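Visitor: Below is the file data30.txt, which contains compact mmCIF, C-alpha atoms.
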# COMPACT_ATOMS: atom_id res chain seq x y z
CA MET A 1 0.00 0.00 0.00
CA LYS A 2 3.03 2.24 0.00
CA GLN A 3 2.23 3.65 -3.40
CA ILE A 4 -1.35 4.40 -2.44
CA ASN A 5 -0.17 6.21 0.65
CA LYS A 6 2.14 8.28 -1.43
CA LEU A 7 -0.75 9.18 -3.68
CA LYS A 8 -2.91 9.97 -0.69
CA LYS A 9 -0.26 12.30 0.62
CA GLU A 10 -0.21 14.12 -2.67
CA TYR A 11 -3.96 14.30 -2.50
CA ASP A 12 -3.85 15.71 1.02
CA ASP A 13 -1.26 18.21 -0.12
CA ILE A 14 -3.57 19.72 -2.71
CA GLU A 15 -3.41 23.36 -1.83
CA ILE A 16 -6.62 24.97 -0.63
CA PRO A 17 -7.09 28.36 -2.27
CA SER A 18 -7.71 31.23 0.11
CA GLU A 19 -10.91 32.22 -1.66
CA LEU A 20 -12.60 28.85 -1.07
CA ASP A 21 -14.06 29.76 2.30
CA GLU A 22 -15.59 33.01 1.10
CA MET A 23 -16.90 31.33 -2.06
CA VAL A 24 -18.59 28.57 -0.06
CA LYS A 25 -20.25 31.04 2.27
CA GLN A 26 -21.41 33.28 -0.55
CA SER A 27 -22.80 30.31 -2.45
CA ILE A 28 -24.77 29.16 0.56
CA LYS A 29 -26.05 32.66 1.12
CA ARG A 30 -27.19 32.95 -2.45
CA ALA A 31 -28.69 29.49 -2.58
CA LYS A 32 -30.63 30.44 0.52
CA ALA A 33 -31.86 33.65 -1.06
CA THR A 34 -32.95 32.00 -4.28
CA LYS A 35 -34.42 28.90 -2.75
CA LYS A 36 -38.04 28.34 -3.55
CA LYS A 37 -40.61 28.91 -0.91
CA HIS A 38 -37.88 30.41 1.16
CA SER A 39 -38.89 33.98 1.02
CA PRO A 40 -35.76 36.10 0.96
CA LEU A 41 -37.67 38.61 3.02
CA LYS A 42 -37.31 36.54 6.15
CA GLN A 43 -33.62 35.99 5.76
CA TRP A 44 -32.58 39.55 6.15
CA SER A 45 -32.74 41.66 9.20
CA ILE A 46 -34.33 45.02 9.04
CA GLY A 47 -31.20 46.92 9.99
CA VAL A 48 -29.43 48.16 6.92
CA ALA A 49 -25.97 49.51 6.40
CA ALA A 50 -25.99 53.23 5.86
CA ALA A 51 -26.70 54.03 2.28
CA SER A 52 -23.69 55.13 0.35
CA ALA A 53 -23.74 58.53 -1.23
CA LEU A 54 -22.68 56.89 -4.46
CA PHE A 55 -26.00 55.24 -5.09
CA ILE A 56 -27.64 56.70 -8.05
CA GLY A 57 -30.96 55.57 -6.81
CA SER A 58 -33.74 56.82 -8.91
CA VAL A 59 -37.33 56.23 -8.18
CA ASN A 60 -39.59 57.42 -10.86
CA VAL A 61 -43.13 57.58 -9.80
CA SER A 62 -44.25 60.14 -12.30
CA PRO A 63 -46.53 58.50 -14.84
CA ALA A 64 -44.96 60.54 -17.63
CA LEU A 65 -41.48 59.21 -16.90
CA ALA A 66 -42.74 55.72 -16.38
CA GLN A 67 -44.47 55.93 -19.71
CA SER A 68 -41.31 57.08 -21.45
CA MET A 69 -39.30 54.16 -20.06
CA ALA A 70 -42.04 51.72 -20.60
CA ASN A 71 -41.71 48.63 -22.53
CA VAL A 72 -45.33 48.59 -23.35
CA PRO A 73 -47.04 45.64 -24.88
CA VAL A 74 -50.48 46.89 -25.64
CA LEU A 75 -53.12 44.52 -26.79
CA GLY A 76 -56.68 45.43 -26.33
CA ALA A 77 -55.04 48.60 -25.01
CA ILE A 78 -56.34 48.06 -21.54
CA VAL A 79 -53.97 46.02 -19.42
CA GLU A 80 -50.38 47.26 -19.58
CA VAL A 81 -47.09 46.40 -18.01
CA PHE A 82 -44.47 49.09 -17.54
CA THR A 83 -41.37 49.83 -15.53
CA VAL A 84 -42.43 51.69 -12.45
CA GLN A 85 -39.12 51.88 -10.66
CA THR A 86 -35.44 51.35 -11.42
CA LEU A 87 -32.93 50.91 -8.63
CA THR A 88 -29.33 51.15 -9.71
CA MET A 89 -25.86 51.12 -8.26
CA ASP A 90 -22.84 51.77 -10.41
CA LYS A 91 -19.73 51.71 -8.34
CA GLU A 92 -16.60 50.23 -9.92
CA THR A 93 -16.86 46.53 -9.17
CA TYR A 94 -20.39 46.65 -7.80
CA GLN A 95 -23.16 46.84 -10.32
CA ALA A 96 -26.85 46.66 -9.78
CA GLU A 97 -29.84 47.32 -11.93
CA LEU A 98 -33.27 46.38 -10.71
CA LYS A 99 -36.27 47.10 -12.87
CA THR A 100 -39.62 46.76 -11.22
CA PRO A 101 -42.64 46.06 -13.38
CA ALA A 102 -46.12 47.27 -12.64
CA ILE A 103 -49.42 46.34 -14.13
CA THR A 104 -52.20 48.80 -14.88
CA GLY A 105 -55.68 48.41 -16.21
CA LEU A 106 -56.79 45.20 -14.51
CA GLU A 107 -60.43 45.35 -13.54
CA ASP A 108 -59.72 43.86 -10.16
CA GLU A 109 -57.74 46.62 -8.53
CA GLY A 110 -57.12 44.55 -5.42
CA LEU A 111 -55.35 41.87 -7.41
CA GLN A 112 -53.45 44.48 -9.37
CA ALA A 113 -52.33 46.31 -6.25
CA SER A 114 -51.20 43.13 -4.54
CA LEU A 115 -49.13 42.07 -7.55
CA ASN A 116 -47.57 45.49 -7.95
CA GLU A 117 -46.80 45.65 -4.29
CA LYS A 118 -45.20 42.21 -4.45
CA TYR A 119 -42.95 43.30 -7.32
CA THR A 120 -41.91 46.51 -5.60
CA GLU A 121 -41.25 44.83 -2.26
CA GLU A 122 -39.22 42.07 -3.88
CA ASN A 123 -36.86 44.45 -5.59
CA LYS A 124 -36.59 46.72 -2.58
CA GLU A 125 -35.58 43.74 -0.50
CA LEU A 126 -33.11 42.45 -3.10
CA PHE A 127 -31.52 45.85 -3.33
CA LYS A 128 -31.24 46.12 0.40
CA GLN A 129 -29.69 42.68 0.52
CA PHE A 130 -27.29 43.64 -2.25
CA LYS A 131 -26.17 46.72 -0.36
CA GLU A 132 -25.50 44.59 2.67
CA GLU A 133 -23.43 42.17 0.63
CA VAL A 134 -21.46 45.04 -0.82
CA ALA A 135 -20.81 46.33 2.69
CA ASP A 136 -19.65 42.84 3.76
CA MET A 137 -17.45 42.61 0.73
CA GLU A 138 -15.85 45.98 1.35
CA GLU A 139 -14.99 44.92 4.85
CA VAL A 140 -12.95 41.96 3.65
CA GLY A 141 -11.41 43.88 0.76
CA ALA A 142 -12.39 44.19 -2.84
CA GLY A 143 -14.67 42.00 -4.85
CA HIS A 144 -17.07 41.89 -7.71
CA LEU A 145 -20.79 41.74 -7.22
CA GLY A 146 -23.57 42.21 -9.68
CA ILE A 147 -27.30 41.94 -9.64
CA ASP A 148 -29.75 42.43 -12.43
CA THR A 149 -33.49 42.05 -12.33
CA GLY A 150 -36.11 42.78 -14.90
CA TYR A 151 -39.11 41.36 -16.61
CA GLU A 152 -40.39 40.12 -19.87
CA VAL A 153 -43.97 39.83 -21.04
CA LYS A 154 -44.28 36.26 -22.22
CA THR A 155 -47.86 36.31 -23.31
CA ASP A 156 -50.33 39.11 -23.75
CA THR A 157 -53.61 38.20 -25.37
CA GLU A 158 -57.21 39.24 -25.07
CA GLN A 159 -57.60 36.64 -22.37
CA MET A 160 -54.27 36.19 -20.62
CA LEU A 161 -51.16 37.96 -19.41
CA SER A 162 -47.99 36.08 -18.46
CA ILE A 163 -45.12 38.06 -16.98
CA ALA A 164 -41.70 36.58 -16.31
CA ARG A 165 -39.40 38.25 -13.83
CA TYR A 166 -35.73 37.32 -13.90
CA TYR A 167 -33.10 37.75 -11.25
CA VAL A 168 -29.43 37.38 -12.11
CA ASN A 169 -26.88 37.38 -9.34
CA THR A 170 -23.21 37.49 -10.26
CA VAL A 171 -20.36 36.50 -7.98
CA GLY A 172 -17.73 34.96 -10.19
CA SER A 173 -20.27 32.88 -12.00
CA SER A 174 -23.88 33.86 -12.04
CA SER A 175 -27.11 32.35 -10.88
CA THR A 176 -30.41 33.12 -12.48
CA THR A 177 -33.91 32.60 -11.27
CA MET A 178 -37.13 33.21 -13.11
CA LYS A 179 -40.58 33.70 -11.63
CA TYR A 180 -43.82 33.95 -13.50
CA ASP A 181 -47.29 35.30 -12.96
CA THR A 182 -50.12 34.39 -15.26
CA ILE A 183 -53.34 36.34 -15.05
CA ASP A 184 -56.73 35.68 -16.54
CA LYS A 185 -57.76 39.18 -17.63
CA HIS A 186 -61.44 38.39 -18.07
CA ASN A 187 -62.02 36.79 -14.73
CA ASN A 188 -59.27 38.61 -12.85
CA ILE A 189 -57.69 35.45 -11.54
CA LEU A 190 -54.06 34.80 -10.82
CA ILE A 191 -53.58 31.32 -12.24
CA SER A 192 -51.60 28.81 -10.19
CA LEU A 193 -50.31 25.53 -11.55
CA PRO A 194 -52.43 23.26 -9.32
CA SER A 195 -55.56 25.26 -10.17
CA LEU A 196 -55.29 24.16 -13.79
CA PHE A 197 -55.70 20.51 -12.93
CA LYS A 198 -58.30 18.21 -11.42
CA ASP A 199 -55.93 16.70 -8.86
CA ASP A 200 -52.27 16.03 -8.08
CA SER A 201 -51.85 13.55 -10.88
CA TYR A 202 -50.49 16.29 -13.15
CA ILE A 203 -47.20 16.15 -11.23
CA GLU A 204 -46.70 12.58 -12.29
CA VAL A 205 -47.89 13.14 -15.87
CA ILE A 206 -45.62 16.13 -16.45
CA SER A 207 -42.64 14.62 -14.62
CA SER A 208 -42.69 11.43 -16.61
CA TYR A 209 -43.01 13.39 -19.83
CA LEU A 210 -40.04 15.55 -18.83
CA THR A 211 -37.95 12.51 -17.93
CA LYS A 212 -38.48 11.11 -21.40
CA GLU A 213 -37.96 14.47 -23.07
CA MET A 214 -34.72 15.21 -21.22
CA LYS A 215 -33.32 11.78 -22.05
CA GLN A 216 -34.31 12.27 -25.66
CA GLN A 217 -32.69 15.67 -25.88
CA MET A 218 -29.50 14.37 -24.32
CA ALA A 219 -29.40 11.49 -26.76
CA ASP A 220 -29.94 13.83 -29.70
CA ASP A 221 -27.42 16.46 -28.71
CA GLU A 222 -24.06 15.96 -27.04
CA ASP A 223 -24.09 19.48 -25.64
CA ILE A 224 -27.32 19.09 -23.73
CA SER A 225 -27.12 17.79 -20.22
CA TYR A 226 -29.61 17.48 -17.38
CA PHE A 227 -27.95 16.36 -14.22
CA ALA A 228 -30.97 14.79 -12.72
CA PHE A 229 -30.85 12.18 -15.44
CA ASP A 230 -27.32 12.27 -16.63
CA GLY A 231 -26.84 8.53 -16.51
CA SER A 232 -26.37 9.23 -12.85
CA ASN A 233 -28.32 7.91 -9.96
CA LEU A 234 -29.74 11.21 -8.94
CA GLU A 235 -33.30 9.99 -9.15
CA PHE A 236 -34.75 12.98 -7.37
CA MET A 237 -36.54 14.54 -10.26
CA THR A 238 -40.19 15.35 -10.10
CA ILE A 239 -41.61 18.80 -10.62
CA GLN A 240 -42.73 20.75 -7.60
CA ALA A 241 -46.47 21.12 -7.16
CA ASP A 242 -46.00 24.84 -7.75
CA GLN A 243 -43.25 24.59 -10.34
CA ASP A 244 -42.66 27.80 -12.30
CA PHE A 245 -44.73 27.94 -15.46
CA TYR A 246 -46.40 30.22 -17.96
CA ILE A 247 -48.93 29.83 -20.71
CA THR A 248 -48.20 30.76 -24.29
CA ALA A 249 -50.46 32.76 -26.59
CA ASP A 250 -51.46 29.54 -28.36
CA HIS A 251 -52.51 27.93 -25.06
CA LYS A 252 -49.54 25.69 -24.41
CA LEU A 253 -48.18 25.09 -20.92
CA VAL A 254 -44.48 25.88 -20.49
CA ILE A 255 -42.63 24.52 -17.46
CA SER A 256 -39.54 26.44 -16.38
CA PHE A 257 -36.54 25.45 -14.27
CA ASP A 258 -34.07 27.86 -12.73
CA LYS A 259 -30.38 27.71 -13.45
CA TYR A 260 -28.85 24.79 -11.49
CA GLU A 261 -32.25 23.30 -10.77
CA VAL A 262 -32.16 20.43 -13.24
CA ALA A 263 -29.11 21.11 -15.35
CA PRO A 264 -25.50 22.22 -14.99
CA GLY A 265 -24.94 25.95 -14.86
CA TYR A 266 -24.01 26.37 -18.49
CA MET A 267 -27.51 25.29 -19.56
CA GLY A 268 -28.96 28.38 -17.86
CA ILE A 269 -32.71 28.55 -17.37
CA VAL A 270 -34.42 25.68 -19.10
CA THR A 271 -38.01 25.58 -20.26
CA PHE A 272 -40.15 22.84 -21.73
CA GLU A 273 -43.35 23.20 -23.65
CA ILE A 274 -45.69 20.41 -22.61
CA PRO A 275 -47.81 18.94 -25.41
CA SER A 276 -51.42 19.66 -24.53
CA ASP A 277 -52.69 16.23 -25.59
CA ILE A 278 -50.89 14.46 -22.74
CA LEU A 279 -52.53 16.87 -20.30
CA SER A 280 -56.11 16.64 -21.54
CA ASP A 281 -57.10 13.93 -19.05
CA VAL A 282 -55.93 15.83 -16.01
CA LEU A 283 -56.91 19.37 -16.99
CA VAL A 284 -59.92 21.01 -15.37
CA GLY A 285 -60.98 22.45 -18.70
CA ASP A 286 -59.65 23.82 -21.96
CA THR A 287 -60.04 27.51 -21.18
CA TYR A 288 -56.33 28.18 -20.74
CA ILE A 289 -54.60 25.14 -22.14
CA ARG A 290 -55.63 23.23 -25.19
CA MET B 1 -36.33 18.19 12.36
CA THR B 2 -37.72 21.36 10.82
CA LYS B 3 -36.77 22.59 7.37
CA ASN B 4 -34.61 25.30 8.85
CA GLU B 5 -32.73 22.91 11.10
CA LYS B 6 -32.06 20.66 8.15
CA PHE B 7 -30.84 23.56 6.07
CA GLY B 8 -28.60 24.68 8.91
CA LEU B 9 -27.17 21.20 9.26
CA VAL B 10 -26.36 20.94 5.57
CA GLU B 11 -24.93 24.44 5.66
CA ARG B 12 -22.58 23.53 8.52
CA PHE B 13 -21.59 20.33 6.77
CA LEU B 14 -20.72 22.27 3.61
CA ILE B 15 -18.63 24.81 5.47
CA GLU B 16 -16.83 22.35 7.72
CA ASN B 17 -15.91 19.95 4.95
CA GLN B 18 -15.15 22.47 2.24
CA ASN B 19 -11.48 21.48 2.02
CA ALA B 20 -12.29 17.83 1.43
CA HIS B 21 -14.89 18.80 -1.16
CA TYR B 22 -12.43 21.04 -2.94
CA ARG B 23 -9.75 18.34 -3.01
CA LEU B 24 -12.16 15.81 -4.39
CA ALA B 25 -13.18 18.18 -7.20
CA TYR B 26 -9.56 19.13 -7.80
CA SER B 27 -8.52 15.51 -8.17
CA TYR B 28 -10.78 15.31 -11.21
CA VAL B 29 -10.07 18.59 -12.96
CA LYS B 30 -6.56 19.44 -11.73
CA ASN B 31 -7.20 23.14 -11.86
CA LYS B 32 -8.13 25.65 -9.20
CA GLU B 33 -10.78 27.68 -11.05
CA ASN B 34 -12.61 24.64 -12.32
CA ALA B 35 -12.49 22.93 -8.94
CA LEU B 36 -13.96 26.05 -7.32
CA ASP B 37 -16.69 26.15 -9.97
CA ILE B 38 -17.57 22.52 -9.34
CA VAL B 39 -17.79 23.03 -5.58
CA GLN B 40 -19.99 26.06 -6.17
CA ASP B 41 -22.24 24.25 -8.64
CA SER B 42 -22.54 21.33 -6.23
CA ILE B 43 -23.51 23.55 -3.32
CA PHE B 44 -26.24 25.04 -5.46
CA LYS B 45 -27.56 21.71 -6.60
CA ALA B 46 -27.51 20.38 -3.07
CA LEU B 47 -29.28 23.30 -1.46
CA GLN B 48 -31.80 23.61 -4.29
CA SER B 49 -32.75 19.97 -3.93
CA ILE B 50 -32.43 19.71 -0.17
CA ASP B 51 -36.07 18.64 0.08
CA ARG B 52 -35.10 15.48 -1.70
CA LEU B 53 -32.63 14.45 0.95
CA ASP B 54 -34.87 12.22 3.02
CA GLU B 55 -32.61 11.15 5.83
CA VAL B 56 -29.91 13.32 7.22
CA LYS B 57 -27.67 10.35 7.97
CA TYR B 58 -27.16 10.01 4.22
CA LEU B 59 -26.01 13.62 3.96
CA LYS B 60 -22.39 12.77 3.29
CA THR B 61 -22.98 10.17 0.58
CA TRP B 62 -25.73 12.32 -0.90
CA PHE B 63 -23.47 15.33 -1.25
CA TYR B 64 -20.50 13.28 -2.47
CA ARG B 65 -22.72 11.85 -5.13
CA ILE B 66 -23.64 15.33 -6.33
CA LEU B 67 -19.98 16.39 -6.21
CA VAL B 68 -18.72 13.33 -8.09
CA ASN B 69 -21.42 13.60 -10.74
CA THR B 70 -20.78 17.30 -11.21
CA SER B 71 -17.05 16.64 -11.58
CA ILE B 72 -17.49 13.82 -14.05
CA ASP B 73 -20.01 15.85 -15.97
CA PHE B 74 -17.54 18.70 -16.13
CA ILE B 75 -14.75 16.48 -17.41
CA ARG B 76 -17.01 15.06 -20.05
CA LYS B 77 -17.89 18.56 -21.30
CA HIS B 78 -14.36 19.87 -21.19
CA GLN B 79 -12.35 16.83 -22.10
CA ARG B 80 -10.61 18.39 -25.02
CA MET B 81 -9.70 21.47 -23.05
CA THR B 82 -8.00 19.51 -20.26
CA VAL B 83 -5.87 17.57 -22.68
CA MET B 84 -4.73 20.79 -24.30
CA ASP B 85 -3.76 22.22 -20.94
CA ASP B 86 -1.54 19.28 -20.17
CA GLU B 87 0.19 19.50 -23.49
CA ILE B 88 0.85 23.17 -23.09
CA LEU B 89 2.19 22.65 -19.60
CA ASP B 90 4.44 19.83 -20.70
CA GLY B 91 5.91 22.08 -23.34
CA TYR B 92 6.76 24.84 -20.91
CA LEU B 93 7.66 23.18 -17.66
CA PRO B 94 11.13 21.80 -17.23
CA LYS B 95 10.88 18.36 -15.74
CA ALA B 96 12.74 17.85 -12.50
CA GLU B 97 14.20 14.37 -12.61
CA ASP B 98 13.45 13.43 -9.04
CA GLU B 99 9.76 14.08 -9.72
CA GLN B 100 9.71 11.28 -12.20
CA THR B 101 8.22 8.66 -9.85
CA ASP B 102 5.45 10.93 -8.72
CA MET B 103 4.60 11.78 -12.27
CA ASP B 104 4.27 8.07 -13.01
CA LEU B 105 1.92 7.61 -10.12
CA LEU B 106 -0.22 10.54 -11.09
CA ASP B 107 -0.21 9.50 -14.73
CA ALA B 108 -1.41 6.07 -13.74
CA LEU B 109 -4.23 7.58 -11.70
CA ASP B 110 -5.15 9.91 -14.53
CA ALA B 111 -5.24 7.01 -16.95
CA LEU B 112 -8.19 5.56 -15.05
CA THR B 113 -11.74 6.19 -16.15
CA PRO B 114 -13.60 8.75 -14.04
CA ASN B 115 -15.55 5.94 -12.40
CA GLU B 116 -12.41 4.00 -11.47
CA LYS B 117 -10.83 7.15 -10.21
CA SER B 118 -13.87 7.86 -8.03
CA LEU B 119 -13.47 4.43 -6.45
CA ILE B 120 -9.83 5.02 -5.56
CA VAL B 121 -10.27 8.60 -4.38
CA LEU B 122 -13.34 7.94 -2.25
CA ARG B 123 -12.13 4.69 -0.72
CA PHE B 124 -8.47 5.51 -0.06
CA PHE B 125 -8.14 9.29 -0.04
CA GLU B 126 -11.48 10.23 1.50
CA ASP B 127 -11.52 7.07 3.65
CA LEU B 128 -15.12 6.21 2.92
CA LYS B 129 -16.34 2.72 3.77
CA ILE B 130 -16.87 0.49 0.78
CA GLU B 131 -20.63 0.60 1.49
CA GLU B 132 -20.53 4.38 1.34
CA VAL B 133 -18.48 4.37 -1.85
CA ALA B 134 -21.03 2.04 -3.41
CA SER B 135 -23.86 4.33 -2.36
CA VAL B 136 -22.15 7.45 -3.74
CA LEU B 137 -21.60 5.75 -7.06
CA GLY B 138 -25.03 4.15 -7.07
CA GLU B 139 -23.74 0.62 -7.27
CA ASN B 140 -24.34 -2.36 -5.08
CA VAL B 141 -21.59 -3.21 -2.63
CA ASN B 142 -20.38 -6.33 -4.41
CA THR B 143 -20.08 -4.58 -7.74
CA ALA B 144 -18.14 -1.76 -6.14
CA LYS B 145 -15.80 -4.25 -4.45
CA THR B 146 -15.17 -6.10 -7.68
CA LYS B 147 -14.52 -2.89 -9.57
CA LEU B 148 -12.20 -1.59 -6.88
CA TYR B 149 -10.25 -4.81 -6.93
CA ARG B 150 -9.98 -4.65 -10.69
CA THR B 151 -8.89 -1.02 -10.57
CA LEU B 152 -6.19 -1.74 -8.01
CA LYS B 153 -4.95 -4.51 -10.21
CA LYS B 154 -4.91 -2.18 -13.18
CA LEU B 155 -3.03 0.45 -11.19
CA ARG B 156 -0.44 -2.05 -10.09
CA LEU B 157 0.02 -3.07 -13.68
CA GLU B 158 0.63 0.48 -14.62
CA ILE B 159 2.69 1.61 -11.66
CA GLY B 160 4.72 -1.54 -11.34
CA GLU B 161 4.91 -3.39 -8.04
CA GLY B 162 4.06 -2.18 -4.59
CA ILE B 163 0.33 -1.80 -3.91
Could you express the structure from this file as C-alpha cells?
Guide:
Amino acid sequence: MKQINKLKKEYDDIEIPSELDEMVKQSIKRAKATKKKHSPLKQWSIGVAAASALFIGSVNVSPALAQSMANVPVLGAIVEVFTVQTLTMDKETYQAELKTPAITGLEDEGLQASLNEKYTEENKELFKQFKEEVADMEEVGAGHLGIDTGYEVKTDTEQMLSIARYYVNTVGSSSTTMKYDTIDKHNNILISLPSLFKDDSYIEVISSYLTKEMKQQMADDEDISYFAFDGSNLEFMTIQADQDFYITADHKLVISFDKYEVAPGYMGIVTFEIPSDILSDVLVGDTYIR
Amino acid sequence: MTKNEKFGLVERFLIENQNAHYRLAYSYVKNKENALDIVQDSIFKALQSIDRLDEVKYLKTWFYRILVNTSIDFIRKHQRMTVMDDEILDGYLPKAEDEQTDMDLLDALDALTPNEKSLIVLRFFEDLKIEEVASVLGENVNTAKTKLYRTLKKLRLEIGEGI
C-alpha cells in the first residue's frame, strides 16, 4: 500500500485556495436567497448599512417618466405592463440594476395592487440585501458583485397575461432565477399551476413526460445535459407542485426550471413546452390550455 | 427536524468539509478555477434539492454523489480542453528528474476512467467505507468491491509493483 499512501499524501497536499471559504459562504447565502418557498424577506434583518452617497438611486413615480421608459405591450389597449421603478448602483466593481414592473388596467384593482406591491417589495428587498453584501465585501477587501433584475412579457392576449421576472446574481459565476405570474384578464384570476388541474396527478404526468424528453434531448445532442438524469443515480426529479410555469399565446403550458435546478450551470434557465394532448385527461378544462 | 434545522445542518456540513470537497473536485479537474466552480455548482444543486434528501444520515454520501457527478459531468464537457492544458504545460515546464516517480503515479491515476478514479479517491483518499463508496456511485456493494479490486490490479500493472 506504499504507493497508495504516497498518492494519498499528494492528495492531502492539494493546496486549498484562500478564496474557497468566502466562495462557499457566498454560495450558501445565495442558494438560501434564491431557494423556492424560502422567502428572501425573512432571511434579512431590518437593519441596513448606511446608504452610500454613491448610489444613483432613482425612483420614478411620475406617470410621464414611467411611460417614457415603458416597454409597453399593448393589446386590447387596456392592461399594460411598464417599468415603475429602477434601482441602480454603479460603483466600480459593484453593479446593480433592478427594474420593477407594474401592471395597470386590470379590472380587479385589489389583485393588481397586490401584484404590484409584491414586485416593488421584492426588488426593494433584493436591493437592500445587495447593499449589505457590498458592505460585507468591502470589509474583507475588494470583490465583484452584480445583480440584475427585470421582466419580460411572455404572453399578452385578449384573455391572458404572463409576466416573467428574472433575477441574475453574479459573484464569479452567475445564478439566475425566473418567476412567473399568469393572469386571466377576463375573470381577474391569478392562475396557479395546481388550479389548472383536477388533482395532483399532473405532477406525475408532467414529470414522466419531462424525464423522457430530457433523455431524448440528451441522446440527440451531445451538448445538452440534465444532471438529474445524466446517466447518474440522482433519481430525485419530479416537478414541484407549484413549479414555475407560464402559458403561451397559443394555449400551451411551459414549465420552467431555474439555473442549477435540473441542469448544470451552463444550460442556464431551461423551459419545456408540454404537449397539450398528454394533459387533456388531467386538466380542469380547456379555457387556458388546449 | 424542521426545514430550517435541516438547512442549517447541511450548511454547517458544507462549510466544515469544504477542504475535502475542494480536493475531491480538484482531483478530477486538476485546476483551481474549475475545482472552485464545481464546488460552487454542487452547493447550489444540493441546497436547491435539499427537500429530496430524506434522511440526514445520508447527507455525506448524498453530497458526495452530487460532487462526483458534477465533476465527471464537467470532465465530459471539457475533455478536449484539459488535454490541451496538459500539453501546453508539458511544453513549458522543465521536468525535474526526481519528480519522475510521482509523475508516473499521477499519470497512472489519470489514466483511469472517471468511475475507477472515483473508487480510488473515495475509498483511499477520503476514507469512505466500501458501502458508502457504493452508495455514492449508485452501485451495489459487491459490484463496487469487484470494480475496486480490478482497478487496483490495473493500477499495479501500470505503476509496477508495490500496492
Visitor: Let me make sure I understand: among A:Gly150, A:Pro264, A:Gly105, A:Gly143, which one has the smallest atom-to-atom distance to chain B if we use only C-alpha atoms?
Guide: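 With only C-alpha atoms as the atom set, the closest residue is A:Pro264.
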Visitor: Restrict the calculation to all atoms listed in the file, then for each residue of chain B with any atom at most 6 Å from an atom of chain A give the closest atom pair and their distance in Å to one decimal, rows by chain and rising residue number, as a tab-separated table.
Guide:
residue	atom	partner	partner_atom	distance
B:Phe44	CA	A:Ala31	CA	5.8
B:Lys45	CA	A:Tyr260	CA	5.9
B:Phe125	CA	A:Lys8	CA	5.3
B:Gly138	CA	A:Asn233	CA	5.8
B:Ile163	CA	A:Met1	CA	4.3
Visitor: Do a neighbour search on Tyr64 of chain B at 9 Å with all atoms listed in the file, toss out local chain neighbours closer than 2 positions, and write the hits as JSON, numbers by chain.
Guide: {"B": [21, 24, 59, 60, 61, 62, 66, 67, 68, 69, 122, 136, 137]}
Visitor: Kindly indicate which residue among B:Ser135, B:Thr151, B:Ser42, B:Thr113 lies nearest to Ser71 of chain B, using all atoms listed in the file for the distances.
Guide: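 Selected residue with least distance to Ser71 of chain B: B:Ser42.
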Visitor: Do you have the atom CA of Asp250 of chain A-atom CA of Asp181 of chain A distance handy?
Guide: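 For atom CA of Asp250 of chain A relative to atom CA of Asp181 of chain A, the distance reads 17.0 Å.
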Visitor: Determine the nearest neighbour of Ile38 of chain B from the options A:Val254, A:Asp277, A:Thr271, A:Tyr266, counting all atoms listed in the file.
Guide: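 Between A:Val254, A:Asp277, A:Thr271, A:Tyr266, the residue approaching Ile38 of chain B most closely is A:Tyr266.
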Visitor: Around the point (-11.7, 18.2, -8.4), in the coordinates given by the file, pick out the residues reaching within 10 Å, counting all atoms listed in the file, and return them as a list of chain:residue names.
Guide: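 Residues with an atom close enough to that point: B:Ala20, B:His21, B:Tyr22, B:Arg23, B:Leu24, B:Ala25, B:Tyr26, B:Ser27, B:Tyr28, B:Val29, B:Lys30, B:Asn31, B:Lys32, B:Glu33, B:Asn34, B:Ala35, B:Leu36, B:Asp37, B:Ile38, B:Val39, B:Leu67, B:Val68, B:Thr70, B:Ser71, B:Ile72, B:Phe74, B:Ile75.
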Visitor: Please report the interatomic distance between atom CA of Met137 of chain A and atom CA of Ala33 of chain A in Å with one decimal.
Guide: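 Value for the atom CA of Met137 of chain A-atom CA of Ala33 of chain A distance: 17.1 Å.
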Visitor: Record the distance separating atom CA of Tyr58 of chain B and atom CA of Asp73 of chain B, expressed in Å with one decimal.
Guide: 22.2 Å
Visitor: What lies within 7 Å of Leu145 of chain A using all atoms listed in the file, ignoring chain neighbours under 3 positions off, as number ranges by chain?
Guide: A: 93-95, 170-171
